[in-house]
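Engineer: Below is the file my_file_26.txt, which contains compact mmCIF, C-alpha atoms.
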# COMPACT_ATOMS: atom_id res chain seq x y z
CA MET A 1 17.74 -39.87 73.12
CA ILE A 2 15.16 -37.49 74.59
CA ASN A 3 11.50 -38.13 75.27
CA LEU A 4 9.40 -35.02 75.01
CA GLU A 5 6.13 -34.37 76.74
CA PHE A 6 3.98 -32.23 74.47
CA LYS A 7 1.34 -31.68 77.12
CA GLY A 8 1.86 -29.75 80.31
CA ASN A 9 3.49 -26.61 81.51
CA LYS A 10 7.14 -27.40 80.96
CA PRO A 11 8.44 -25.65 77.81
CA ILE A 12 9.95 -28.00 75.23
CA TYR A 13 13.33 -26.26 75.17
CA GLU A 14 13.64 -26.85 78.92
CA GLN A 15 12.83 -30.50 78.40
CA ILE A 16 15.68 -30.71 75.88
CA ILE A 17 18.09 -29.07 78.32
CA GLU A 18 17.10 -31.50 81.05
CA GLY A 19 17.13 -34.45 78.69
CA ILE A 20 20.71 -33.79 77.57
CA LYS A 21 21.89 -33.10 81.11
CA LEU A 22 20.28 -36.29 82.34
CA ASN A 23 22.06 -38.29 79.67
CA VAL A 24 25.34 -36.66 80.70
CA MET A 25 24.76 -37.34 84.41
CA ARG A 26 23.99 -40.96 83.70
CA ARG A 27 27.11 -41.17 81.51
CA TYR A 28 25.09 -42.21 78.48
CA LEU A 29 26.64 -39.19 76.86
CA LYS A 30 30.33 -38.79 77.60
CA PRO A 31 32.69 -35.83 77.15
CA GLY A 32 33.54 -35.45 73.49
CA ASP A 33 30.51 -37.40 72.25
CA ALA A 34 28.96 -35.81 69.17
CA ILE A 35 25.32 -34.82 69.51
CA PRO A 36 22.96 -34.12 66.61
CA SER A 37 23.03 -30.74 64.91
CA VAL A 38 20.22 -28.30 65.65
CA ARG A 39 18.39 -29.12 62.43
CA LYS A 40 18.86 -32.87 62.75
CA LEU A 41 17.49 -32.96 66.29
CA ALA A 42 14.53 -30.79 65.27
CA LEU A 43 13.75 -33.19 62.44
CA ASP A 44 14.01 -36.21 64.74
CA LEU A 45 11.98 -34.75 67.60
CA LYS A 46 9.42 -33.15 65.28
CA ILE A 47 9.87 -29.68 66.68
CA THR A 48 11.02 -26.36 65.26
CA PRO A 49 14.75 -25.71 64.77
CA GLY A 50 14.33 -22.51 66.80
CA THR A 51 13.36 -24.48 69.88
CA VAL A 52 16.43 -26.71 69.63
CA ALA A 53 18.67 -23.71 68.98
CA LYS A 54 17.37 -22.04 72.13
CA ALA A 55 18.10 -25.16 74.20
CA TYR A 56 21.59 -25.58 72.72
CA GLN A 57 22.44 -21.93 73.39
CA GLU A 58 21.52 -22.38 77.03
CA LEU A 59 23.42 -25.69 77.29
CA GLU A 60 26.45 -24.02 75.77
CA ARG A 61 26.18 -21.09 78.16
CA GLN A 62 26.03 -23.54 81.06
CA GLY A 63 29.12 -25.32 79.75
CA VAL A 64 27.46 -28.67 79.09
CA ILE A 65 28.03 -28.71 75.35
CA GLU A 66 30.33 -26.95 72.93
CA THR A 67 30.02 -26.21 69.25
CA ILE A 68 33.06 -26.38 67.05
CA ARG A 69 32.54 -24.46 63.83
CA GLY A 70 32.48 -26.71 60.81
CA LYS A 71 32.68 -29.85 62.94
CA GLY A 72 29.53 -30.01 64.98
CA THR A 73 28.26 -30.01 68.53
CA PHE A 74 29.80 -32.08 71.31
CA ILE A 75 29.47 -32.79 75.00
CA ALA A 76 32.01 -30.53 76.72
CA GLU A 77 35.32 -32.00 77.91
CA LYS A 78 34.37 -31.20 81.49
CA PRO A 79 30.63 -30.76 81.44
CA LEU A 80 29.68 -28.44 84.24
CA ILE A 81 26.84 -30.07 86.05
CA LYS A 82 26.53 -29.39 89.71
CA ALA A 83 27.07 -32.50 91.84
CA ASP A 84 23.93 -31.66 93.80
CA GLU A 85 21.86 -31.60 90.65
CA GLU A 86 22.96 -35.15 89.93
CA ARG A 87 22.01 -36.46 93.34
CA LEU A 88 18.76 -34.54 93.43
CA ASP A 89 17.83 -36.15 90.16
CA ALA A 90 18.54 -39.62 91.54
CA VAL A 91 16.38 -38.97 94.61
CA ARG A 92 13.63 -37.49 92.50
CA GLN A 93 13.59 -40.61 90.37
CA LYS A 94 13.27 -42.79 93.46
CA LEU A 95 10.31 -40.77 94.72
CA LYS A 96 8.46 -41.11 91.47
CA SER A 97 7.10 -44.62 91.86
CA PRO A 98 5.67 -44.35 95.42
CA ILE A 99 4.05 -41.03 94.47
CA MET A 100 2.58 -42.57 91.37
CA GLU A 101 1.25 -45.45 93.47
CA LEU A 102 -0.57 -43.05 95.79
CA LYS A 103 -1.97 -41.15 92.84
CA MET A 104 -3.28 -44.34 91.25
CA MET A 105 -4.94 -45.23 94.54
CA GLY A 106 -6.84 -42.00 94.22
CA TYR A 107 -5.12 -39.92 96.90
CA ASP A 108 -4.29 -36.31 96.18
CA LYS A 109 -1.32 -34.06 96.97
CA LYS A 110 -2.67 -33.24 100.40
CA LEU A 111 -2.06 -36.72 101.76
CA LEU A 112 1.35 -36.79 100.13
CA LYS A 113 2.30 -33.55 101.86
CA GLU A 114 1.14 -34.96 105.17
CA PHE A 115 3.29 -38.04 104.65
CA VAL A 116 6.30 -35.95 103.71
CA SER A 117 6.03 -33.64 106.68
CA SER A 118 5.38 -36.42 109.21
CA ILE A 119 8.30 -38.49 107.88
CA TYR A 120 10.48 -35.38 107.89
CA ASP A 121 9.54 -34.63 111.51
CA GLU A 122 10.30 -38.20 112.62
CA LEU A 123 13.91 -37.83 111.46
CA MET B 1 20.48 -13.00 50.39
CA LEU B 2 17.33 -13.49 48.30
CA GLU B 3 15.22 -10.36 48.53
CA ILE B 4 11.73 -9.96 47.16
CA LYS B 5 10.42 -6.42 47.52
CA ASP B 6 6.85 -5.19 46.97
CA LEU B 7 6.09 -7.74 44.27
CA TYR B 8 2.98 -7.49 42.09
CA LYS B 9 1.95 -9.97 39.42
CA SER B 10 -1.28 -10.30 37.42
CA TYR B 11 -2.49 -12.71 34.77
CA ASP B 12 -4.70 -10.87 32.28
CA LYS B 13 -6.92 -9.01 34.70
CA LYS B 14 -6.61 -11.33 37.66
CA GLU B 15 -4.21 -10.16 40.32
CA ALA B 16 -2.18 -13.14 41.55
CA LEU B 17 0.29 -11.39 43.85
CA ARG B 18 -0.07 -8.11 45.63
CA ASN B 19 2.65 -6.29 47.52
CA VAL B 20 4.58 -9.42 48.55
CA SER B 21 7.96 -9.05 50.24
CA LEU B 22 10.20 -11.66 51.79
CA THR B 23 13.87 -12.43 52.37
CA VAL B 24 15.86 -15.65 52.59
CA LYS B 25 19.30 -15.43 54.15
CA PRO B 26 22.06 -17.95 53.49
CA GLY B 27 21.70 -20.86 55.91
CA GLU B 28 18.01 -20.17 56.38
CA ILE B 29 14.98 -22.27 55.43
CA HIS B 30 11.93 -20.16 54.66
CA GLY B 31 8.57 -21.91 54.36
CA LEU B 32 5.78 -20.73 52.09
CA ILE B 33 2.30 -21.85 53.04
CA GLY B 34 -1.19 -21.02 51.89
CA GLU B 35 -4.33 -22.60 50.49
CA ASN B 36 -4.60 -23.69 46.85
CA SER B 37 -4.39 -20.70 44.49
CA ALA B 38 -3.04 -18.41 47.22
CA GLY B 39 -0.18 -17.48 44.86
CA LYS B 40 2.64 -19.75 46.06
CA THR B 41 3.64 -21.13 42.66
CA THR B 42 3.38 -17.70 41.01
CA LEU B 43 5.64 -16.26 43.69
CA ILE B 44 8.14 -19.06 43.17
CA LYS B 45 8.12 -18.68 39.40
CA CYS B 46 8.84 -14.98 39.83
CA ALA B 47 11.56 -15.78 42.36
CA VAL B 48 13.44 -18.03 39.93
CA GLY B 49 13.06 -15.57 37.06
CA ILE B 50 10.58 -17.50 34.92
CA TYR B 51 7.89 -14.84 35.22
CA ARG B 52 8.56 -11.16 34.88
CA ALA B 53 7.13 -9.23 37.81
CA ASP B 54 4.67 -6.42 37.03
CA LYS B 55 6.13 -4.34 39.81
CA GLY B 56 8.70 -4.85 42.53
CA GLU B 57 12.22 -6.24 42.81
CA ILE B 58 13.69 -9.70 43.08
CA THR B 59 17.40 -9.86 43.78
CA TYR B 60 19.97 -12.42 44.86
CA ASP B 61 22.87 -10.76 46.67
CA ASP B 62 21.69 -7.47 45.17
CA LYS B 63 21.59 -8.73 41.59
CA PRO B 64 18.25 -8.98 39.74
CA VAL B 65 17.29 -12.50 38.65
CA PHE B 66 15.11 -11.83 35.61
CA ASP B 67 16.96 -12.42 32.33
CA ASN B 68 20.21 -12.78 34.25
CA PRO B 69 22.04 -16.10 33.63
CA GLU B 70 24.85 -15.10 36.01
CA VAL B 71 22.35 -15.22 38.89
CA LYS B 72 20.28 -18.12 37.57
CA VAL B 73 23.20 -20.58 37.57
CA ARG B 74 23.40 -20.09 41.32
CA ILE B 75 19.79 -21.18 41.86
CA GLY B 76 18.50 -24.72 42.12
CA TYR B 77 14.78 -24.96 41.30
CA VAL B 78 12.54 -27.97 41.77
CA ALA B 79 9.16 -27.24 40.20
CA ASP B 80 5.83 -28.68 41.24
CA TYR B 81 5.82 -30.55 37.96
CA ASN B 82 9.18 -31.41 36.41
CA ASP B 83 9.26 -32.13 32.72
CA TYR B 84 12.53 -33.02 31.14
CA ILE B 85 13.10 -34.15 27.59
CA GLY B 86 11.05 -37.34 27.65
CA TYR B 87 12.93 -39.38 25.08
CA TYR B 88 16.31 -38.69 26.73
CA LYS B 89 17.76 -41.32 28.99
CA VAL B 90 18.59 -40.09 32.48
CA LYS B 91 22.33 -40.25 31.82
CA ARG B 92 22.00 -38.11 28.69
CA MET B 93 20.05 -35.53 30.68
CA VAL B 94 22.91 -35.45 33.18
CA LYS B 95 25.38 -34.81 30.34
CA THR B 96 23.19 -32.01 29.03
CA TYR B 97 23.16 -30.41 32.46
CA CYS B 98 26.97 -30.59 32.61
CA TYR B 99 27.04 -28.58 29.40
CA PHE B 100 24.69 -25.86 30.66
CA TYR B 101 25.85 -25.63 34.26
CA PRO B 102 29.61 -25.32 34.69
CA LYS B 103 29.45 -26.19 38.39
CA PHE B 104 27.36 -29.34 37.81
CA SER B 105 28.99 -32.22 39.67
CA VAL B 106 28.47 -35.70 38.22
CA GLU B 107 30.16 -37.04 41.33
CA ARG B 108 27.53 -35.42 43.52
CA PHE B 109 24.79 -36.76 41.26
CA ASN B 110 26.09 -40.31 41.58
CA GLU B 111 26.44 -39.90 45.33
CA LEU B 112 22.80 -38.79 45.58
CA ASN B 113 21.71 -41.56 43.26
CA GLN B 114 23.20 -44.06 45.70
CA ILE B 115 20.38 -42.88 47.96
CA PHE B 116 17.57 -42.34 45.46
CA ASN B 117 18.30 -45.18 43.00
CA ILE B 118 17.08 -43.95 39.63
CA PRO B 119 18.25 -46.31 36.85
CA VAL B 120 20.25 -44.00 34.57
CA ASP B 121 19.54 -46.11 31.49
CA LEU B 122 15.81 -45.48 31.66
CA LYS B 123 14.08 -42.98 29.43
CA ILE B 124 12.75 -40.06 31.41
CA SER B 125 9.25 -40.53 29.99
CA SER B 126 9.11 -43.97 31.61
CA LEU B 127 9.80 -42.63 35.14
CA SER B 128 7.02 -42.41 37.70
CA LYS B 129 5.93 -39.10 39.22
CA GLY B 130 7.94 -39.75 42.38
CA GLN B 131 11.01 -40.78 40.38
CA LYS B 132 10.79 -37.58 38.31
CA MET B 133 10.62 -35.56 41.51
CA ARG B 134 13.67 -37.34 42.92
CA LEU B 135 15.51 -36.83 39.64
CA ALA B 136 14.73 -33.11 39.67
CA TYR B 137 15.98 -32.82 43.26
CA MET B 138 19.22 -34.63 42.46
CA MET B 139 19.82 -32.59 39.31
CA GLU B 140 19.28 -29.30 41.08
CA LEU B 141 21.46 -30.24 44.06
CA SER B 142 24.23 -31.39 41.73
CA LYS B 143 24.41 -27.85 40.35
CA GLU B 144 25.80 -27.04 43.82
CA PRO B 145 23.53 -24.01 44.05
CA ASP B 146 23.74 -21.20 46.59
CA TYR B 147 19.95 -20.99 46.75
CA LEU B 148 17.38 -23.73 46.47
CA ILE B 149 13.78 -22.92 45.51
CA LEU B 150 11.40 -25.82 46.02
CA ASP B 151 7.76 -25.90 44.94
CA GLU B 152 5.83 -28.63 46.73
CA PRO B 153 8.85 -30.92 46.39
CA THR B 154 7.61 -33.86 48.47
CA SER B 155 4.40 -34.50 46.54
CA GLY B 156 4.54 -37.96 45.03
CA LEU B 157 7.35 -39.11 47.32
CA ASP B 158 6.91 -42.23 49.43
CA PRO B 159 7.62 -41.95 53.17
CA VAL B 160 11.16 -43.33 52.88
CA ALA B 161 12.07 -40.98 50.03
CA LYS B 162 10.49 -38.08 51.92
CA ALA B 163 12.58 -38.73 55.02
CA LYS B 164 15.72 -38.90 52.87
CA PHE B 165 14.68 -35.74 51.07
CA PHE B 166 14.56 -33.73 54.30
CA GLU B 167 17.75 -35.23 55.69
CA ILE B 168 19.65 -34.27 52.56
CA LEU B 169 18.09 -30.81 52.63
CA ILE B 170 19.13 -29.97 56.18
CA ASN B 171 22.56 -31.44 55.57
CA GLU B 172 22.93 -29.17 52.53
CA VAL B 173 21.89 -26.13 54.57
CA GLU B 174 24.24 -26.96 57.42
CA THR B 175 27.30 -27.87 55.41
CA ARG B 176 27.01 -25.50 52.42
CA ASN B 177 25.02 -22.72 54.08
CA ILE B 178 22.53 -22.45 51.22
CA GLY B 179 19.33 -20.42 51.48
CA VAL B 180 16.10 -22.35 50.90
CA LEU B 181 12.60 -21.21 49.96
CA ILE B 182 10.16 -24.12 50.12
CA SER B 183 6.42 -24.24 49.53
CA SER B 184 4.48 -27.22 50.78
CA HIS B 185 1.15 -28.46 52.05
CA ASN B 186 3.08 -30.94 54.13
CA LEU B 187 2.97 -28.73 57.20
CA GLU B 188 4.09 -31.42 59.60
CA SER B 189 7.43 -31.54 57.83
CA LEU B 190 7.77 -27.79 57.29
CA GLU B 191 7.35 -27.24 60.99
CA ARG B 192 10.43 -29.35 61.66
CA ILE B 193 12.76 -27.60 59.23
CA CYS B 194 11.74 -23.98 58.73
CA ASP B 195 13.26 -21.02 60.53
CA THR B 196 10.75 -18.55 59.16
CA VAL B 197 7.43 -18.84 57.44
CA THR B 198 5.25 -16.73 55.15
CA MET B 199 1.54 -17.41 54.95
CA LEU B 200 -0.05 -16.24 51.71
CA LYS B 201 -3.74 -15.63 51.32
CA SER B 202 -5.36 -14.52 48.04
CA GLY B 203 -2.03 -13.24 46.75
CA GLU B 204 -1.11 -11.24 49.83
CA VAL B 205 1.11 -11.88 52.82
CA GLU B 206 -1.20 -12.80 55.64
CA LYS B 207 1.50 -13.56 58.19
CA GLN B 208 5.27 -13.58 58.14
CA MET B 209 7.35 -14.47 61.17
CA THR B 210 9.74 -16.98 62.68
CA MET B 211 8.34 -20.48 62.98
CA ASP B 212 8.55 -20.24 66.77
CA ALA B 213 6.57 -16.99 66.84
CA MET B 214 4.03 -18.55 64.51
CA LYS B 215 3.59 -21.46 66.88
CA GLU B 216 2.95 -19.00 69.68
CA GLU B 217 0.17 -17.24 67.78
CA LEU B 218 -2.35 -19.67 69.20
CA THR B 219 -2.45 -21.91 72.26
CA GLU B 220 -4.21 -25.21 72.53
CA LEU B 221 -5.53 -26.04 76.00
CA ASN B 222 -7.06 -29.09 77.57
CA VAL B 223 -9.48 -27.84 80.21
CA VAL B 224 -11.69 -29.87 82.51
CA PHE B 225 -15.13 -28.40 83.28
CA GLU B 226 -16.81 -30.97 85.46
CA GLY B 227 -20.33 -29.63 85.09
CA GLY B 228 -19.84 -28.81 81.40
CA ALA B 229 -18.31 -25.62 79.99
CA PRO B 230 -20.16 -22.35 80.61
CA LYS B 231 -22.08 -21.18 77.55
CA GLU B 232 -20.47 -17.75 77.35
CA LEU B 233 -17.08 -19.37 76.65
CA SER B 234 -17.80 -19.85 72.96
CA SER B 235 -18.65 -16.17 72.56
CA PHE B 236 -15.21 -15.03 73.78
CA PRO B 237 -13.47 -13.41 70.81
CA ASP B 238 -10.14 -15.02 71.79
CA VAL B 239 -11.57 -18.54 71.82
CA LEU B 240 -11.30 -19.68 68.21
CA LYS B 241 -12.28 -23.30 68.58
CA ILE B 242 -13.89 -25.41 71.22
CA SER B 243 -14.65 -29.11 71.32
CA ASN B 244 -15.05 -31.71 74.02
CA VAL B 245 -14.93 -35.35 75.00
CA GLY B 246 -17.06 -35.70 78.12
CA SER B 247 -15.95 -32.96 80.48
CA ILE B 248 -12.51 -32.56 78.87
CA TYR B 249 -12.62 -29.51 76.62
CA THR B 250 -10.08 -28.64 73.97
CA LEU B 251 -9.82 -24.91 73.36
CA ILE B 252 -7.79 -23.04 70.80
CA VAL B 253 -7.09 -19.61 72.16
CA LYS B 254 -5.50 -16.40 70.92
CA ASN B 255 -3.44 -14.23 73.29
CA TYR B 256 -3.36 -16.83 76.07
CA ASP B 257 -2.02 -15.38 79.32
CA GLU B 258 -2.26 -15.55 83.11
CA LYS B 259 -5.35 -13.36 83.06
CA PHE B 260 -7.18 -15.69 80.75
CA MET B 261 -6.12 -18.67 82.85
CA LYS B 262 -7.54 -16.98 85.95
CA LYS B 263 -10.77 -16.29 84.13
CA LEU B 264 -11.09 -19.95 83.17
CA LYS B 265 -10.56 -20.94 86.79
CA GLU B 266 -13.22 -18.49 87.96
CA MET B 267 -15.57 -20.11 85.47
CA GLY B 268 -15.02 -23.44 87.17
CA ALA B 269 -12.17 -24.99 85.19
CA GLY B 270 -10.34 -27.76 87.01
CA LEU B 271 -7.21 -28.91 85.26
CA ILE B 272 -5.81 -26.53 82.62
CA GLU B 273 -3.13 -28.08 80.49
CA PRO B 274 -1.45 -26.45 77.48
CA VAL B 275 -0.77 -28.80 74.57
CA ASP B 276 1.74 -28.20 71.80
CA ILE B 277 -0.26 -27.05 68.78
CA SER B 278 0.80 -28.32 65.38
CA LEU B 279 1.41 -25.97 62.46
CA GLU B 280 -1.29 -27.83 60.56
CA GLU B 281 -3.94 -27.26 63.22
CA LEU B 282 -2.83 -23.66 63.59
CA PHE B 283 -3.06 -23.08 59.85
CA ILE B 284 -6.58 -24.50 59.63
CA VAL B 285 -7.84 -22.47 62.58
CA LEU B 286 -6.20 -19.24 61.39
CA GLN B 287 -7.55 -19.68 57.86
CA SER B 288 -11.12 -20.25 59.01
CA ALA B 289 -10.84 -17.36 61.49
CA THR B 290 -9.81 -14.91 58.74
CA ASP B 291 -12.49 -16.29 56.44
CA LYS B 292 -15.04 -15.49 59.14
CA GLU B 293 -13.70 -11.95 59.52
CA GLY B 294 -14.12 -11.55 55.78
CA GLU B 295 -17.76 -12.51 55.98
CA HIS B 296 -18.47 -9.81 58.53
CA GLU B 297 -17.03 -7.05 56.35
Can you present the structure in this file as structure tokens?
Structural biologist:
Amino acid sequence: MINLEFKGNKPIYEQIIEGIKLNVMRRYLKPGDAIPSVRKLALDLKITPGTVAKAYQELERQGVIETIRGKGTFIAEKPLIKADEERLDAVRQKLKSPIMELKMMGYDKKLLKEFVSSIYDEL
Amino acid sequence: MLEIKDLYKSYDKKEALRNVSLTVKPGEIHGLIGENSAGKTTLIKCAVGIYRADKGEITYDDKPVFDNPEVKVRIGYVADYNDYIGYYKVKRMVKTYCYFYPKFSVERFNELNQIFNIPVDLKISSLSKGQKMRLAYMMELSKEPDYLILDEPTSGLDPVAKAKFFEILINEVETRNIGVLISSHNLESLERICDTVTMLKSGEVEKQMTMDAMKEELTELNVVFEGGAPKELSSFPDVLKISNVGSIYTLIVKNYDEKFMKKLKEMGAGLIEPVDISLEELFIVLQSATDKEGEHE
């Protein structure tokens, strides 16, 4: 359900938050769908329960998921994800492959920034 | 709540436990780690009321456990080595348990045996080590305990049984809100289930904290030094371990912060990338670090 990156600067609990939101935006997870309990997800992802709990608390605060005592954790009836966030994610995904191509060719961020600003100015 | 307060225990003249305290709340999984002969099994045997403590208190919801059947029936205990009456068949052992433990649920036992598949017509002496471990786990869970004390419970279990073991355990904690104290050398698994952890060393508590805080004790970094790492790096007191493949260096660092990152950059580090450190790695590095401190004394 979520792929974690154990290297890099993005904390794991943030990756969980993004992972769940992404699944909601893409409608892979729909309102009312049950998601794994804190302990189950920790076991599956091989991380500490505390990390999952932290992510779930934040998701609950943001209104994406809700926990019903004695029943489990579910995607909220009306998950509150900003429309912009959804579109930004789609655009970000589209940018990924050309950027990767440049990186593979051995160019660094500097060239990329030049491209971005010249394209932006043309518009 | 299970509360162990200022516990001391010696065998003859050898002190096995010294001033050990810990608590396990309902719904919590507390991990007990430490090298061989650090005192884990002694602590557990005191905790379930098999050994009498020399000094200190062990209570479950404020009631002492030693010599107290009223408390003991509420505890499930899987020992590191589980001997039942060898010439009994499994089903007779189950009947015996029903007699001793009023809350023992045969239904629950059968339900668990759907998963673990121990033939109930076999004599216990003919079971393998792993089967005996599974049997002990099922028996203790079927007592529907409020607390579960587990001493190296996954030793001898195959990977499939081990996965089932942990799934049942977390399910039990989440649905029945039991408190669990578990000792294990299987740190990869402990990391995934424990809320808090106690590290014992030579009979004393070396560290005790939440699993998340424990993981933050040390930071593993991948650092690129194109011309090789500067020599002075290995003499930094906060750098506990350093190794490299080509110009990619792996450092294990205490108290990692912005300041340290800046220092690395000043020393010529290119890419600096934190990597999630495993409990196992952390344990090994911490143990050898404290051993080294001991040598200096």
Engineer: Could you give me, as a ChimeraX atom specification, the residues within 9 Å of Thr48 in chain A, counting all atoms listed in the file and dropping anything in the same chain fewer than 3 positions from it?
Structural biologist: /A:39,42-43,45,51-53 /B:190-195,211-212
Engineer: Could you tell me which of B:Lys45, B:Lys231, B:Lys103, B:His30 comes closest to chain A if we count all atoms listed in the file?
Structural biologist: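 Closest candidate: B:His30.
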Engineer: So the first atom is CA of Asp54 in chain B and the second is CA of Ser202 in chain B; what is the distance between them in Å, to one decimal place?
Structural biologist: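 Computed distance, CA of Asp54 in chain B to CA of Ser202 in chain B, equals 17.0 Å.
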Engineer: Using all atoms listed in the file for the distances, tell me which of B:Thr175, B:Gln208, B:Ser247, B:Thr290 is nearest to chain A.
Structural biologist: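 Nearest to chain A: B:Thr175.
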Engineer: Identify all chain A residues at most 12 Å from chain B by counting all atoms listed in the file; ligands do not count. Present them as a PyMOL selection string.
Structural biologist: chain A and resi 4-13+36-54+69-72
Engineer: Please determine the residues with any atom at most 12 Å from (18.5, -12.8, 33.9) (coordinates as given in the file, with all atoms listed in the file counting) and report them as a PyMOL selection string.
Structural biologist: chain B and resi 46-52+58-60+63-75
Engineer: Please indicate the distance in Å from CA of Asp80 in chain B to CA of Glu57 in chain B, rounded to one decimal place.
Structural biologist: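 These two atoms are separated by 23.4 Å.
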Engineer: Rank A:Ile35, A:Ile2, A:Ile16, A:Met25 by their smallest atom-to-atom distance to Leu88 in chain A, using only C-alpha atoms, and report the top residue only.
Structural biologist: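 Nearest to Leu88 in chain A: A:Met25.
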Engineer: Would you mind telling me which residue in A:Val24, A:Met1, A:Leu102, A:Leu95 lies nearest to Pro79 in chain A when using all atoms listed in the file?
Structural biologist: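 For Pro79 in chain A, the nearest of the candidates is A:Val24.
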Engineer: What separation in Å, quoted to one decimal, exists between CA of Glu172 in chain B and CA of Tyr77 in chain B?
Structural biologist: 14.5 Å
Engineer: For range 118-124 of chain B, find every residue with an atom within 6 Å (counting all atoms listed in the file), except residues of its own chain fewer than 4 positions away, and show them as a ChimeraX atom specification.
Structural biologist: /B:86-91
Engineer: Taking C-alpha atoms for each residue, export the selection above as a tab-separated table (two decimals), keeping the file's coordinate frame.
Structural biologist:
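As a result, result16.tsv now contains:
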chain	number	residue	atom	x	y	z
B	86	GLY	CA	11.05	-37.34	27.65
B	87	TYR	CA	12.93	-39.38	25.08
B	88	TYR	CA	16.31	-38.69	26.73
B	89	LYS	CA	17.76	-41.32	28.99
B	90	VAL	CA	18.59	-40.09	32.48
B	91	LYS	CA	22.33	-40.25	31.82
Engineer: When you look at Gln57 in chain A with a cut-off of 10 Å (counting only C-alpha atoms), what residues show up, excluding the ones that are within fewer than 4 positions of it in the same chain? I need them as a count of residues only.
Structural biologist: 9
